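What follows is one structure encoded as structure tokens, with my remarks underneath.
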Amino acid sequence: MNTAGCYDFAARCAAINTCCTSCVKGKCSKNTCDTIRKELPTVTTSYGPCTSTATRPTVNPTPTPTVCPPNPKNICVDGSSWLHKFGKGNPVCGIPLPIVSCNDDLSSFSQSPYKLYDNSDTKKCPIFNKGGLNNACQAACKYQLDQCKSANSLTCFFQKFNRRSGLSGHGVRQTPAEHLNSHDKRTFGLIKDLICKKQYAACLEANAQIDTSRCKTYCQK
């Protein structure tokens with residue numbers, strides 16, 4: 001319906017009403033009723049779909065990420081020994097067990113869902129197939145062993161191990177490392193390597209029966 005026509009039509013109706021009222025009172029005049037002699041406008045009504053100026057935001061499906069940050073919780077577990085005072089939170093020489101978690105690369109996840117994060121560049125980290133979780137944990141234990149054996153013997157022994165090893169009662173703790181002779185240094189190195197190997201054996205044993213419920217789907221938390 002035309003808006004201007006609506007106002008025009010309403011004005012004509014008002015004029016007719018005025019004229020009729022005047023005639024009833026006997027006061028009709030040519031000027032009063034002259035306006036209704038004009039042709040009344042044709043009023044048409046059309047219907048159409050409602051339109052809105054507001055636009056709905058386009059909702060796009062969330063794309064599957066190609067790289068998923070690994071869960072920081074290690075699937076593998078630390079070896080421990082009450083006798084030698086090592087375990088979770090207190091590894092020999094302070095060298096932690098590297099994290100084995102879900103593969104962060106979508107392109108290789110379906111075949112190799114596990115990854116050993118032993119490198120700051122995750123693309124260089126080794127991956128393991130669906131049945132290779134035990135192998136991944138064994139590799140983590142071996143990495144820890146190698147790092148432990150390559151650690152400085154005296155630094156490791158005095159700063160990390162000796163305070164908790166039970167050997168401090170023999171006066172070793174009170175002996176400055178720089179005052180040790182070559183024989184003593186070799187002795188401490190052998191002791192350190194022995195404890196590293198014991199930790200490795202405990203690590204293998206602890207991961208013989210490992211939880212395989214994780215990493216069933218990509219980016220699983």
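Ordered as shown in the structure tokens, chains take letters A, B, and onward, while each chain numbers its residues from 1 and ligands are numbered from 1 in the order shown.
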
Residues within 12 Å of A:Ser213, only C-alpha atoms, excluding chain neighbours under 2 positions, as a PyMOL selection string: chain A and resi 75+101-102+113-114+130-131+133+210-211+215-217+220-221

Stretch 136-153 of chain A surroundings by only C-alpha atoms, 8 Å radius, close-in-sequence under 3 positions cut, as a PyMOL selection string: chain A and resi 76+92-93+95-100+114-116+118+127-128+132-133+156-157+185+188-189+192-193+196-197+199-200+203-204+207

Among listed residues A:Val67, A:Tyr218, A:Lys198, A:Glu205, nearest A:Ser81 (using only C-alpha atoms):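 Of all the options, A:Lys198 lies closest to A:Ser81.
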
Interatomic distance, atom CA of A:Val77 to atom CA of A:Cys125 (Å, one decimal):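 That distance, rounded to one decimal, is 18.9 Å.
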
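Rounded to one decimal, atom CA of A:Asn103 and atom CA of A:Lys124 lie 11.9 Å from each other.
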